[in-house]
file data-v9.cif (mmCIF, C-alpha atoms)
data_model
#
loop_
_atom_site.label_atom_id
_atom_site.label_comp_id
_atom_site.auth_asym_id
_atom_site.auth_seq_id
_atom_site.Cartn_x
_atom_site.Cartn_y
_atom_site.Cartn_z
CA MET A 1308 0.00 0.00 0.00
CA MET A 1309 2.83 2.38 0.91
CA ARG A 1310 4.51 1.64 -2.41
CA PHE A 1311 1.26 2.37 -4.24
CA VAL A 1312 0.96 5.76 -2.54
CA ARG A 1313 4.64 6.62 -3.04
CA CYS A 1314 4.42 5.71 -6.72
CA ALA A 1315 1.29 7.84 -7.23
CA ILE A 1316 2.90 10.78 -5.42
CA ALA A 1317 6.13 10.39 -7.44
CA VAL A 1318 4.23 10.42 -10.77
CA CYS A 1319 2.11 13.41 -9.73
CA ARG A 1320 5.13 15.33 -8.40
CA LYS A 1321 7.09 14.61 -11.57
CA ASP A 1322 4.25 15.84 -13.80
CA LEU A 1323 3.62 18.98 -11.74
CA LEU A 1324 7.36 19.74 -11.71
CA THR A 1325 7.47 19.33 -15.49
CA GLU A 1326 4.47 21.62 -15.90
CA ALA A 1327 5.93 24.21 -13.51
CA ARG A 1328 9.13 24.27 -15.59
CA GLN A 1329 7.70 24.20 -19.08
CA ARG A 1330 4.39 26.01 -18.45
CA GLU A 1331 3.25 24.77 -21.85
CA THR A 1332 -0.05 23.14 -20.99
CA VAL A 1333 -1.49 25.53 -18.41
CA SER A 1334 -0.53 28.67 -20.32
CA THR A 1335 -1.99 27.35 -23.62
CA VAL A 1336 -5.14 26.08 -21.97
CA CYS A 1337 -5.76 29.21 -19.88
CA PHE A 1338 -5.10 31.52 -22.83
CA PHE A 1339 -7.67 29.63 -24.91
CA GLY A 1340 -10.17 29.79 -22.05
CA LEU A 1341 -9.74 33.54 -21.62
CA VAL A 1342 -10.17 34.16 -25.35
CA VAL A 1343 -13.44 32.18 -25.35
CA VAL A 1344 -14.76 34.13 -22.34
CA LEU A 1345 -13.80 37.46 -23.94
CA LEU A 1346 -15.31 36.65 -27.34
CA PHE A 1347 -18.51 35.32 -25.82
CA GLY A 1348 -18.83 38.53 -23.79
CA PHE A 1349 -18.64 40.57 -26.98
CA ALA A 1350 -21.15 38.31 -28.74
CA VAL A 1351 -23.81 38.51 -26.01
CA GLY A 1352 -23.28 42.17 -25.22
CA SER A 1353 -23.56 43.99 -21.93
CA ASP A 1354 -26.82 42.41 -20.73
CA THR A 1355 -25.63 41.04 -17.36
CA THR A 1356 -28.88 39.13 -16.78
CA TRP A 1357 -28.25 37.06 -19.93
CA LEU A 1358 -24.56 36.68 -19.15
CA THR A 1359 -25.34 35.47 -15.62
CA ARG A 1360 -27.82 32.89 -16.92
CA LEU A 1361 -25.41 31.65 -19.56
CA ALA A 1362 -22.32 31.73 -17.33
CA PRO A 1363 -22.56 28.16 -15.85
CA GLY A 1364 -22.89 26.52 -19.26
CA LEU A 1365 -20.17 28.69 -20.74
CA LEU A 1366 -17.82 27.98 -17.82
CA TRP A 1367 -18.04 24.21 -18.28
CA LEU A 1368 -17.95 24.38 -22.06
CA THR A 1369 -14.80 26.51 -21.91
CA VAL A 1370 -13.20 24.24 -19.32
CA LEU A 1371 -14.03 21.13 -21.35
CA LEU A 1372 -12.70 22.47 -24.65
CA SER A 1373 -9.59 23.92 -23.00
CA VAL A 1374 -8.53 20.91 -21.01
CA VAL A 1375 -8.68 18.49 -23.93
CA VAL A 1376 -5.18 19.71 -24.82
CA ALA A 1377 -3.96 19.01 -21.28
CA LEU A 1378 -5.62 15.60 -21.16
CA GLU A 1379 -4.22 14.59 -24.53
CA ARG A 1380 -0.69 15.42 -23.32
CA SER A 1381 -1.07 13.43 -20.07
CA PHE A 1382 0.79 10.36 -21.24
CA GLN A 1383 2.97 12.03 -23.86
CA ALA A 1384 6.10 11.96 -21.69
CA GLU A 1385 5.52 8.28 -20.93
CA ALA A 1386 4.98 7.43 -24.59
CA GLU A 1387 8.34 8.98 -25.51
CA GLU A 1388 11.67 7.25 -24.94
CA GLY A 1389 10.08 4.09 -23.53
CA CYS A 1390 9.20 5.66 -20.17
CA MET A 1391 5.95 3.70 -19.90
CA ASP A 1392 7.79 0.43 -20.51
CA ARG A 1393 10.24 1.45 -17.80
CA LEU A 1394 7.42 2.11 -15.33
CA ILE A 1395 5.83 -1.25 -16.12
CA LEU A 1396 9.15 -3.07 -15.70
CA TYR A 1397 9.60 -1.36 -12.33
CA SER A 1398 6.45 -3.25 -11.33
CA ALA A 1399 4.84 0.13 -10.77
CA SER A 1400 1.13 -0.40 -10.22
CA HIS A 1401 -0.76 0.83 -13.26
CA ARG A 1402 -3.42 2.15 -10.94
CA ALA A 1403 -0.82 4.15 -9.01
CA VAL A 1404 0.54 5.68 -12.22
CA PHE A 1405 -3.02 6.41 -13.33
CA LEU A 1406 -3.89 7.97 -9.97
CA GLY A 1407 -0.80 10.21 -10.13
CA LYS A 1408 -1.76 11.38 -13.62
CA CYS A 1409 -5.37 11.89 -12.54
CA VAL A 1410 -4.38 14.13 -9.62
CA THR A 1411 -2.15 16.18 -11.94
CA ASN A 1412 -5.02 16.62 -14.38
CA CYS A 1413 -7.34 17.60 -11.50
CA CYS A 1414 -4.84 20.34 -10.61
CA VAL A 1415 -4.68 21.57 -14.22
CA ILE A 1416 -8.48 21.55 -14.59
CA GLY A 1417 -8.82 23.29 -11.21
CA THR A 1418 -6.41 26.02 -12.35
CA VAL A 1419 -8.38 26.53 -15.56
CA GLN A 1420 -11.66 26.66 -13.60
CA LEU A 1421 -10.21 29.25 -11.26
CA ILE A 1422 -8.81 31.51 -13.97
CA VAL A 1423 -11.80 31.23 -16.33
CA GLY A 1424 -14.24 31.60 -13.41
CA LEU A 1425 -12.48 34.72 -12.12
CA ALA A 1426 -12.33 36.22 -15.62
CA MET A 1427 -16.05 35.57 -16.09
CA SER A 1428 -17.02 37.05 -12.75
CA ILE A 1429 -15.06 40.24 -13.53
CA LEU A 1430 -15.92 40.62 -17.23
CA TYR A 1431 -19.57 39.55 -16.93
CA ASP A 1432 -20.10 41.26 -13.57
CA LEU A 1433 -21.52 38.03 -12.08
CA PRO A 1434 -23.36 38.27 -8.74
CA THR A 1435 -22.01 36.66 -5.55
CA PRO A 1436 -23.03 32.95 -5.60
CA GLN A 1437 -26.22 32.20 -3.65
CA GLN A 1438 -24.72 28.94 -2.36
CA PRO A 1439 -20.89 29.11 -2.33
CA GLY A 1440 -20.55 25.66 -0.75
CA LEU A 1441 -22.60 24.08 -3.50
CA LEU A 1442 -20.56 25.92 -6.13
CA ILE A 1443 -17.31 24.52 -4.71
CA ALA A 1444 -18.83 21.02 -4.56
CA ALA A 1445 -19.98 21.28 -8.20
CA LEU A 1446 -16.57 22.52 -9.35
CA LEU A 1447 -14.73 19.74 -7.47
CA LEU A 1448 -17.05 16.94 -8.59
CA GLY A 1449 -16.98 18.13 -12.20
CA ASP A 1450 -13.20 18.42 -12.00
CA VAL A 1451 -12.87 14.82 -10.75
CA GLY A 1452 -15.27 13.42 -13.36
CA ILE A 1453 -13.54 15.09 -16.31
CA ALA A 1454 -10.07 14.23 -14.97
CA VAL A 1455 -10.83 10.55 -14.36
CA LEU A 1456 -12.50 9.88 -17.70
CA GLY A 1457 -10.13 12.15 -19.63
CA THR A 1458 -7.02 10.53 -18.13
CA PHE A 1459 -8.46 7.10 -18.88
CA TYR A 1460 -8.97 7.84 -22.58
CA SER A 1461 -5.60 9.58 -22.72
CA ALA A 1462 -3.96 6.40 -21.37
CA VAL A 1463 -5.85 4.16 -23.77
CA LEU A 1464 -5.02 6.36 -26.77
CA SER A 1465 -1.42 7.16 -25.78
CA LYS A 1466 0.05 4.81 -28.40
CA THR A 1467 -2.43 5.81 -31.09
CA ARG A 1468 -1.37 8.23 -33.81
CA ALA A 1469 -4.84 9.74 -34.18
CA ARG A 1470 -5.23 10.47 -30.47
CA HIS A 1471 -5.76 14.22 -31.13
CA VAL A 1472 -8.89 13.36 -33.08
CA MET A 1473 -9.99 10.32 -31.11
CA LEU A 1474 -9.84 11.82 -27.62
CA PRO A 1475 -12.64 14.40 -28.01
CA LEU A 1476 -14.68 11.94 -30.10
CA LEU A 1477 -14.63 9.36 -27.31
CA LEU A 1478 -14.59 11.68 -24.31
CA PHE A 1479 -17.29 14.25 -25.06
CA PRO A 1480 -20.25 11.85 -25.52
CA MET A 1481 -19.31 10.01 -22.32
CA LEU A 1482 -19.19 13.29 -20.39
CA ILE A 1483 -22.64 14.55 -21.48
CA PRO A 1484 -24.55 13.18 -18.44
CA LEU A 1485 -21.93 14.56 -16.07
CA LEU A 1486 -21.96 17.94 -17.79
CA VAL A 1487 -25.76 18.18 -17.62
CA CYS A 1488 -25.60 17.57 -13.84
CA VAL A 1489 -22.67 19.87 -13.21
CA VAL A 1490 -24.07 22.78 -15.25
CA THR A 1491 -27.45 22.53 -13.50
CA THR A 1492 -25.79 22.35 -10.08
CA THR A 1493 -23.51 25.30 -10.88
CA GLN A 1494 -26.53 27.31 -12.05
CA ALA A 1495 -28.39 26.53 -8.83
CA ALA A 1496 -25.34 27.52 -6.78
CA LEU A 1497 -25.00 30.79 -8.67
CA LEU A 1498 -28.63 31.88 -9.05
CA GLY A 1499 -30.35 29.96 -6.24
CA ASP A 1500 -32.28 26.69 -6.17
CA LEU A 1501 -35.54 27.91 -7.75
CA PHE A 1502 -37.24 24.52 -8.07
CA GLY A 1503 -35.58 22.65 -5.19
CA GLU A 1504 -33.93 20.15 -7.54
CA THR A 1505 -30.33 20.73 -6.55
CA THR A 1506 -30.03 17.74 -4.25
CA VAL A 1507 -31.11 15.39 -7.04
CA TRP A 1508 -28.56 16.82 -9.50
CA LEU A 1509 -25.81 16.77 -6.86
CA ARG A 1510 -26.57 13.12 -6.04
CA LEU A 1511 -26.51 12.26 -9.73
CA LEU A 1512 -23.18 14.05 -10.04
CA ILE A 1513 -21.71 12.03 -7.17
CA LEU A 1514 -23.13 8.86 -8.71
CA PHE A 1515 -21.54 9.57 -12.11
CA ASP A 1516 -18.19 10.30 -10.46
CA ALA A 1517 -18.41 7.08 -8.44
CA ILE A 1518 -19.27 5.05 -11.57
CA PHE A 1519 -16.42 6.61 -13.57
CA VAL A 1520 -13.88 6.02 -10.79
CA ALA A 1521 -14.97 2.41 -10.22
CA ALA A 1522 -15.14 1.50 -13.91
CA VAL A 1523 -11.84 3.15 -14.78
CA PHE A 1524 -9.85 1.68 -11.87
CA TRP A 1525 -11.31 -1.74 -12.65
CA THR A 1526 -10.31 -1.72 -16.31
CA ILE A 1527 -7.10 0.33 -16.37
CA ASP A 1528 -4.68 -2.50 -15.47
CA PRO A 1529 -5.01 -4.70 -18.58
CA LEU A 1530 -5.39 -1.68 -20.86
CA MET A 1531 -2.14 -0.08 -19.72
CA GLU A 1532 -0.28 -3.41 -19.76
CA ALA A 1533 -1.15 -3.79 -23.45
CA MET B 957 18.31 -20.47 -5.68
CA PRO B 958 17.23 -21.99 -9.03
CA THR B 959 19.77 -24.11 -10.88
CA VAL B 960 18.87 -22.42 -14.15
CA SER B 961 18.56 -18.64 -14.41
CA VAL B 962 16.86 -18.54 -17.79
CA GLU B 963 15.22 -21.37 -19.68
CA LEU B 964 13.33 -20.99 -22.95
CA LYS B 965 11.65 -23.82 -24.83
CA ASN B 966 10.69 -23.35 -28.46
CA VAL B 967 9.85 -19.67 -27.98
CA ARG B 968 8.36 -18.03 -31.06
CA HIS B 969 7.20 -14.48 -31.58
CA ARG B 970 5.41 -12.92 -34.51
CA TYR B 971 4.91 -9.25 -35.48
CA GLY B 972 1.98 -9.34 -37.91
CA SER B 973 2.99 -11.90 -40.52
CA THR B 974 6.73 -11.72 -39.75
CA TRP B 975 8.29 -14.20 -37.38
CA ALA B 976 10.88 -12.36 -35.24
CA LEU B 977 11.68 -15.51 -33.29
CA ALA B 978 11.12 -18.85 -34.98
CA GLY B 979 11.66 -21.33 -32.14
CA VAL B 980 14.38 -20.37 -29.65
CA ASP B 981 15.68 -22.74 -26.97
CA LEU B 982 18.00 -21.26 -24.39
CA CYS B 983 19.39 -22.38 -21.05
CA VAL B 984 21.52 -20.01 -18.98
CA ALA B 985 23.21 -20.90 -15.70
CA PRO B 986 23.04 -18.42 -12.81
CA GLY B 987 25.97 -16.00 -12.62
CA SER B 988 26.99 -16.34 -16.25
CA VAL B 989 27.37 -13.71 -18.95
CA VAL B 990 25.67 -14.59 -22.23
CA ALA B 991 25.89 -12.57 -25.42
CA ILE B 992 23.26 -12.81 -28.12
CA THR B 993 24.74 -11.66 -31.38
CA GLY B 994 23.50 -11.44 -34.92
CA PRO B 995 22.68 -9.00 -37.69
CA ASN B 996 20.05 -6.26 -37.44
CA GLY B 997 16.51 -7.63 -37.31
CA CYS B 998 17.54 -11.13 -36.26
CA GLY B 999 15.39 -11.00 -33.10
CA LYS B 1000 17.89 -10.03 -30.38
CA SER B 1001 15.82 -7.20 -28.89
CA THR B 1002 12.62 -9.24 -29.16
CA LEU B 1003 14.25 -12.04 -27.19
CA LEU B 1004 15.38 -9.63 -24.46
CA LYS B 1005 11.92 -8.01 -24.32
CA ILE B 1006 10.35 -11.43 -23.83
CA LEU B 1007 12.78 -12.18 -21.01
CA ALA B 1008 11.97 -8.78 -19.48
CA THR B 1009 8.23 -9.65 -19.72
CA ARG B 1010 7.52 -6.65 -21.97
CA LEU B 1011 6.44 -9.00 -24.75
CA THR B 1012 4.43 -12.18 -24.45
CA PRO B 1013 5.72 -14.89 -26.78
CA THR B 1014 3.29 -16.04 -29.49
CA SER B 1015 4.07 -19.61 -28.46
CA GLY B 1016 6.55 -21.53 -26.34
CA THR B 1017 7.30 -21.64 -22.63
CA GLY B 1018 10.08 -20.63 -20.33
CA SER B 1019 11.21 -19.50 -16.92
CA VAL B 1020 13.26 -16.62 -15.57
CA CYS B 1021 14.91 -16.90 -12.14
CA GLY B 1022 12.82 -20.03 -11.55
CA LEU B 1023 9.55 -18.18 -12.26
CA ASP B 1024 7.15 -18.95 -15.09
CA LEU B 1025 7.58 -16.49 -17.93
CA LEU B 1026 3.88 -16.37 -18.76
CA CYS B 1027 2.21 -16.55 -15.35
CA GLU B 1028 4.59 -14.87 -12.91
CA THR B 1029 5.45 -11.66 -14.75
CA GLU B 1030 5.14 -9.39 -11.70
CA ALA B 1031 7.56 -11.51 -9.66
CA ILE B 1032 10.01 -11.66 -12.58
CA ARG B 1033 9.96 -7.86 -12.92
CA GLU B 1034 11.05 -7.54 -9.29
CA ARG B 1035 14.23 -9.49 -10.11
CA VAL B 1036 15.13 -8.22 -13.55
CA GLN B 1037 16.75 -5.04 -14.79
CA TRP B 1038 16.57 -3.99 -18.40
CA LEU B 1039 18.63 -1.51 -20.37
CA GLY B 1040 16.97 -1.10 -23.74
CA HIS B 1041 17.44 1.09 -26.80
CA GLU B 1042 14.93 3.52 -25.34
CA LEU B 1043 16.39 4.60 -22.04
CA GLY B 1044 13.16 5.67 -20.33
CA LEU B 1045 14.48 9.03 -19.13
CA TYR B 1046 12.38 12.15 -18.63
CA LYS B 1047 13.85 15.07 -20.56
CA SER B 1048 12.13 17.66 -18.40
CA LEU B 1049 13.80 16.39 -15.22
CA THR B 1050 17.39 16.77 -14.12
CA ILE B 1051 19.83 13.88 -13.90
CA GLU B 1052 19.36 13.57 -10.15
CA GLU B 1053 15.56 13.91 -10.34
CA ASN B 1054 15.40 11.05 -12.86
CA LEU B 1055 17.21 8.76 -10.43
CA SER B 1056 15.17 9.79 -7.40
CA PHE B 1057 11.96 9.33 -9.45
CA SER B 1058 13.04 5.78 -10.34
CA LEU B 1059 13.72 5.02 -6.68
CA SER B 1060 10.33 6.39 -5.62
CA VAL B 1061 8.49 4.31 -8.23
CA LEU B 1062 10.44 1.24 -7.18
CA GLY B 1063 9.32 1.92 -3.61
CA LEU B 1064 12.91 2.19 -2.43
CA THR B 1065 14.39 4.72 -0.09
CA SER B 1066 17.71 6.09 -1.20
CA PRO B 1067 20.44 5.34 1.33
CA ASN B 1068 22.51 8.43 2.14
CA GLY B 1069 24.36 9.53 -0.95
CA ALA B 1070 23.43 6.47 -3.05
CA ILE B 1071 22.43 8.63 -5.99
CA GLY B 1072 25.60 10.70 -5.72
CA ARG B 1073 27.76 7.58 -5.58
CA ALA B 1074 26.04 6.08 -8.62
CA LEU B 1075 26.53 9.31 -10.56
CA ASP B 1076 30.19 9.50 -9.50
CA ARG B 1077 30.67 5.96 -10.71
CA VAL B 1078 29.43 6.73 -14.21
CA GLY B 1079 31.22 10.08 -14.44
CA LEU B 1080 28.19 12.33 -13.97
CA GLY B 1081 28.92 13.24 -10.35
CA ARG B 1082 29.45 16.91 -11.09
CA LEU B 1083 26.28 17.29 -13.17
CA PRO B 1084 23.35 16.22 -10.96
CA ALA B 1085 21.36 19.40 -11.67
CA THR B 1086 21.77 19.20 -15.45
CA SER B 1087 18.54 18.74 -17.38
CA VAL B 1088 18.40 15.48 -19.34
CA ALA B 1089 17.25 17.52 -22.36
CA ALA B 1090 20.70 19.14 -22.34
CA CYS B 1091 22.59 15.83 -22.13
CA SER B 1092 24.27 14.12 -25.05
CA SER B 1093 23.22 10.58 -25.97
CA GLY B 1094 26.38 9.27 -24.30
CA MET B 1095 25.56 11.09 -21.07
CA ARG B 1096 22.03 9.72 -21.19
CA LYS B 1097 23.40 6.21 -21.56
CA ARG B 1098 25.64 6.81 -18.55
CA LEU B 1099 22.62 8.06 -16.59
CA ALA B 1100 20.71 4.89 -17.50
CA LEU B 1101 23.74 2.93 -16.26
CA ALA B 1102 23.70 4.87 -12.98
CA ARG B 1103 20.07 3.86 -12.58
CA LEU B 1104 21.06 0.19 -12.87
CA LEU B 1105 23.48 0.72 -9.98
CA LEU B 1106 20.78 1.88 -7.58
CA HIS B 1107 19.22 -1.50 -6.88
CA PRO B 1108 20.32 -5.12 -7.15
CA ALA B 1109 18.90 -7.62 -9.65
CA ASP B 1110 19.28 -11.34 -10.29
CA LEU B 1111 19.14 -10.92 -14.05
CA ARG B 1112 20.36 -7.93 -16.05
CA LEU B 1113 19.29 -7.64 -19.68
CA LEU B 1114 21.40 -5.22 -21.70
CA ASP B 1115 20.38 -4.40 -25.26
CA GLU B 1116 23.36 -3.02 -27.22
CA PRO B 1117 24.96 -1.75 -23.99
CA HIS B 1118 28.00 -0.18 -25.68
CA THR B 1119 26.03 1.95 -28.15
CA ASN B 1120 26.59 5.73 -27.84
CA LEU B 1121 29.38 5.30 -25.29
CA ASP B 1122 32.91 6.59 -25.79
CA ALA B 1123 35.98 4.42 -25.15
CA GLU B 1124 35.95 5.28 -21.44
CA GLY B 1125 32.25 4.53 -21.20
CA ARG B 1126 32.66 1.18 -22.96
CA ALA B 1127 35.42 0.24 -20.54
CA LEU B 1128 33.19 1.25 -17.62
CA MET B 1129 30.38 -0.90 -19.02
CA ASN B 1130 32.72 -3.91 -19.27
CA THR B 1131 33.93 -3.31 -15.70
CA LEU B 1132 30.37 -3.15 -14.39
CA ILE B 1133 29.42 -6.36 -16.21
CA GLY B 1134 32.38 -8.05 -14.52
CA GLU B 1135 31.32 -6.70 -11.10
CA TRP B 1136 27.72 -7.80 -11.52
CA LYS B 1137 28.93 -11.26 -12.51
CA ARG B 1138 31.12 -11.48 -9.39
CA GLN B 1139 28.07 -10.49 -7.32
CA GLY B 1140 26.26 -13.51 -8.75
CA ALA B 1141 23.93 -11.81 -11.22
CA THR B 1142 23.20 -13.35 -14.60
CA ILE B 1143 23.78 -11.02 -17.53
CA ILE B 1144 22.33 -11.44 -21.00
CA LEU B 1145 23.36 -8.84 -23.51
CA ALA B 1146 22.51 -8.31 -27.14
CA SER B 1147 25.11 -6.98 -29.51
CA HIS B 1148 25.79 -7.04 -33.22
CA ASP B 1149 29.52 -6.71 -32.53
CA HIS B 1150 30.75 -10.23 -31.89
CA ALA B 1151 34.37 -9.21 -31.27
CA GLU B 1152 33.53 -6.64 -28.61
CA VAL B 1153 31.57 -8.97 -26.36
CA MET B 1154 33.67 -12.12 -26.83
CA PRO B 1155 36.32 -11.35 -24.15
CA PHE B 1156 34.01 -11.28 -21.15
CA CYS B 1157 31.21 -13.67 -22.12
CA ASP B 1158 30.82 -17.26 -20.94
CA LEU B 1159 28.59 -18.08 -23.87
CA VAL B 1160 27.94 -16.41 -27.21
CA VAL B 1161 24.71 -17.32 -28.96
CA ARG B 1162 24.17 -16.30 -32.57
CA LEU B 1163 20.70 -15.57 -33.86
CA ASP B 1164 19.85 -15.46 -37.52
CA ARG B 1165 16.34 -14.72 -38.79
CA GLY B 1166 14.87 -15.68 -35.45
CA ARG B 1167 16.68 -18.99 -35.16
CA MET B 1168 19.69 -19.98 -33.10
CA GLU B 1169 22.72 -21.11 -35.01
#
call {"tool": "encode", "arguments": {"input": "data-v9.cif", "output": "structure tokens"}}
result
Amino acid sequence: MMRFVRCAIAVCRKDLLTEARQRETVSTVCFFGLVVVLLFGFAVGSDTTWLTRLAPGLLWLTVLLSVVVALERSFQAEAEEGCMDRLILYSASHRAVFLGKCVTNCCVIGTVQLIVGLAMSILYDLPTPQQPGLLIAALLLGDVGIAVLGTFYSAVLSKTRARHVMLPLLLFPMLIPLLVCVVTTTQAALLGDLFGETTVWLRLLILFDAIFVAAVFWTIDPLMEA
Amino acid sequence: MPTVSVELKNVRHRYGSTWALAGVDLCVAPGSVVAITGPNGCGKSTLLKILATRLTPTSGTGSVCGLDLLCETEAIRERVQWLGHELGLYKSLTIEENLSFSLSVLGLTSPNGAIGRALDRVGLGRLPATSVAACSSGMRKRLALARLLLHPADLRLLDEPHTNLDAEGRALMNTLIGEWKRQGATIILASHDHAEVMPFCDLVVRLDRGRME
């Protein structure tokens, strides 16, 4: 168990160190996110009521489109120079490697959420969230769901040449139920729970996350070994 | 302690419609140095990858360190070290960080100065903070060698170990092979240069088109 944890921490630390040095992924992803927020603001105009109503959907759409680049690059370092083979020959648990990558992607997605969310609240003059706790829960659960499924497909496609094309094609349809839940929950957190449905959406969100985590950790071993 | 370190029986491996190994039988005693030689594409690297459990043979059976090659892959990996063509180094990390990452993944704690000693041994002792991206291919090979020094193994598989090394590096590699042998490890190396590996090998096996000659 200790080895599993140490391996996951080592992989996560290595990836975060690489990102801190190169700043390729986060800077590209955040720049794209900010451009989308800015352009959308111009398109809708200065009607803050409209912008506030559209903000939750736009936040998650921007995050999703932005982080595809980060997710696609997750296993790039391992695919080069035989690093994945090396990890496997070290008897490193595939699940530990996957967990390390997942945590790194959670950090990247969290950073994008923070920057895009702050930019939206300033540019769109968004009101203070009605339920800040619920907003944080929605952001965290959405973050975990996208990271787990995105890292999984990134691992599966890491040896495929067409991974740039295949990743969004496989990932986006699978994320639709999660995105519906997370957008609705974010909207309720921001504008208030008008119809008292938030608990249902939040439970569904937790359920989707639990299903993704269980399914991915169950199947990742043979897929990474291949 | 098994009486045979490596045993292969009629091992065959196919890539698509091409047979890389067409029935290899091999028996290696513990503590011996075996060279597998032959021209490019004769199946040397495939054979080493099978022994390292990175490839599953299309057919045939075998054992490594007394463990079944097909069923006990995890246990075999704990006892085997592999130096392949691809060195498995992270370019974004420094020399020292690459070694400490390997130790962490292996679940080992580095005894005081173990990394420094390994780097001194391969001539990289003064460059621990150098990024691997800035290293020459020879320096990278030396770093991969330093990684082999960090933990013991019963079987060491070296694929073209002298490639990219200068004269000093080649001598160091030969010295290390001798030391590992004295420590009781079995060494199987692949090389296309028969003359270079002859002096320190107990057995030289020649492969040609996937068959042993």
call {"tool": "resolve_selection", "arguments": {"input": "data-v9.cif", "expression": "the PyMOL selection byres ((chain A) within 8 of (chain B))", "output": "list in words"}}
result
Met1309, Arg1310, Arg1313, Cys1314, Ala1317, Val1318, Lys1321, Thr1325, Arg1328, Gln1329, Ala1384, Glu1387, Glu1388, Gly1389, Cys1390, Met1391, Asp1392, Arg1393, Leu1394, Leu1396, Tyr1397, Ser1398 and Ala1399 of chain A
call {"tool": "closest_atom_pairs", "arguments": {"input": "data-v9.cif", "of": "range 1339-1394 of chain A", "to": "range 1413-1430 of chain A", "cutoff": "7 Å", "atoms": "all atoms listed in the file", "output": "tab-separated table"}}
result
residue	atom	partner	partner_atom	distance
A:Gly1340	CA	A:Val1423	CA	6.1
A:Leu1341	CA	A:Val1423	CA	6.1
A:Val1344	CA	A:Met1427	CA	6.5
A:Leu1366	CA	A:Gly1424	CA	6.7
A:Val1370	CA	A:Gln1420	CA	6.4
A:Val1374	CA	A:Ile1416	CA	6.5
call {"tool": "write_last_selection", "arguments": {"input": "data-v9.cif", "atoms": "C-alpha atoms", "output": "mmCIF file, in the frame of the given file"}}
result
data_model
loop_
_atom_site.group_PDB
_atom_site.id
_atom_site.type_symbol
_atom_site.label_atom_id
_atom_site.label_comp_id
_atom_site.auth_asym_id
_atom_site.auth_seq_id
_atom_site.Cartn_x
_atom_site.Cartn_y
_atom_site.Cartn_z
ATOM 1 C CA GLY A 1340 -10.170 29.790 -22.050
ATOM 2 C CA LEU A 1341 -9.740 33.540 -21.620
ATOM 3 C CA VAL A 1344 -14.760 34.130 -22.340
ATOM 4 C CA LEU A 1366 -17.820 27.980 -17.820
ATOM 5 C CA VAL A 1370 -13.200 24.240 -19.320
ATOM 6 C CA VAL A 1374 -8.530 20.910 -21.010
#
call {"tool": "residues_around", "arguments": {"input": "data-v9.cif", "residues": "Gly1364 in chain A", "least_positions_apart": "2", "cutoff": "12 Å", "atoms": "all atoms listed in the file", "output": "compact mmCIF listing (two decimals) with C-alpha atoms, keeping the file's coordinate frame"}}
result
# COMPACT_ATOMS: atom_id res chain seq x y z
CA VAL A 1344 -14.76 34.13 -22.34
CA PHE A 1347 -18.51 35.32 -25.82
CA TRP A 1357 -28.25 37.06 -19.93
CA LEU A 1358 -24.56 36.68 -19.15
CA THR A 1359 -25.34 35.47 -15.62
CA ARG A 1360 -27.82 32.89 -16.92
CA LEU A 1361 -25.41 31.65 -19.56
CA ALA A 1362 -22.32 31.73 -17.33
CA LEU A 1366 -17.82 27.98 -17.82
CA TRP A 1367 -18.04 24.21 -18.28
CA LEU A 1368 -17.95 24.38 -22.06
CA THR A 1369 -14.80 26.51 -21.91
CA VAL A 1370 -13.20 24.24 -19.32
CA LEU A 1371 -14.03 21.13 -21.35
CA GLY A 1424 -14.24 31.60 -13.41
CA MET A 1427 -16.05 35.57 -16.09
CA LEU A 1486 -21.96 17.94 -17.79
CA VAL A 1487 -25.76 18.18 -17.62
CA CYS A 1488 -25.60 17.57 -13.84
CA VAL A 1489 -22.67 19.87 -13.21
CA VAL A 1490 -24.07 22.78 -15.25
CA THR A 1491 -27.45 22.53 -13.50
CA THR A 1492 -25.79 22.35 -10.08
CA THR A 1493 -23.51 25.30 -10.88
CA GLN A 1494 -26.53 27.31 -12.05
CA ALA A 1495 -28.39 26.53 -8.83
CA LEU A 1497 -25.00 30.79 -8.67
call {"tool": "resolve_selection", "arguments": {"input": "data-v9.cif", "expression": "the PyMOL selection byres ((chain B and resi 1152-1155) around 10)", "output": "MDAnalysis selection string"}}
result
chainID B and resid 989:993 1118 1126 1130 1145:1151 1156:1160
call {"tool": "residues_around", "arguments": {"input": "data-v9.cif", "residues": "Lys1097 in chain B", "least_positions_apart": "2", "cutoff": "8 Å", "atoms": "all atoms listed in the file", "output": "ChimeraX atom specification"}}
result
/B:1043,1093-1095,1099-1101,1120-1121
call {"tool": "atom_distance", "arguments": {"input": "data-v9.cif", "atom1": "CA of Ser1334 in chain A", "atom2": "CA of Pro1484 in chain A"}}
result
28.6 Å
call {"tool": "closest_residue", "arguments": {"input": "data-v9.cif", "among": "A:Ile1527, A:Leu1498, A:Val1375, A:Val1333", "to": "Leu1433 in chain A", "atoms": "only C-alpha atoms"}}
result
A:Leu1498
call {"tool": "atom_distance", "arguments": {"input": "data-v9.cif", "atom1": "CA of Arg1098 in chain B", "atom2": "CA of Ile1133 in chain B"}}
result
13.9 Å
call {"tool": "residues_around", "arguments": {"input": "data-v9.cif", "residues": "Thr1017 in chain B", "least_positions_apart": "3", "cutoff": "12 Å", "atoms": "all atoms listed in the file", "output": "ChimeraX atom specification"}}
result
/B:962-969,979-982,1006-1007,1012-1014,1020,1023-1027
call {"tool": "resolve_selection", "arguments": {"input": "data-v9.cif", "expression": "the PyMOL selection byres ((chain A and resi 1531) around 10)", "output": "list in words"}}
result
Met1391, Asp1392, Ile1395, His1401, Arg1402, Val1404, Phe1405, Phe1459, Ala1462, Val1463, Leu1464, Ser1465, Thr1526, Ile1527, Asp1528, Pro1529, Leu1530, Glu1532 and Ala1533 of chain A
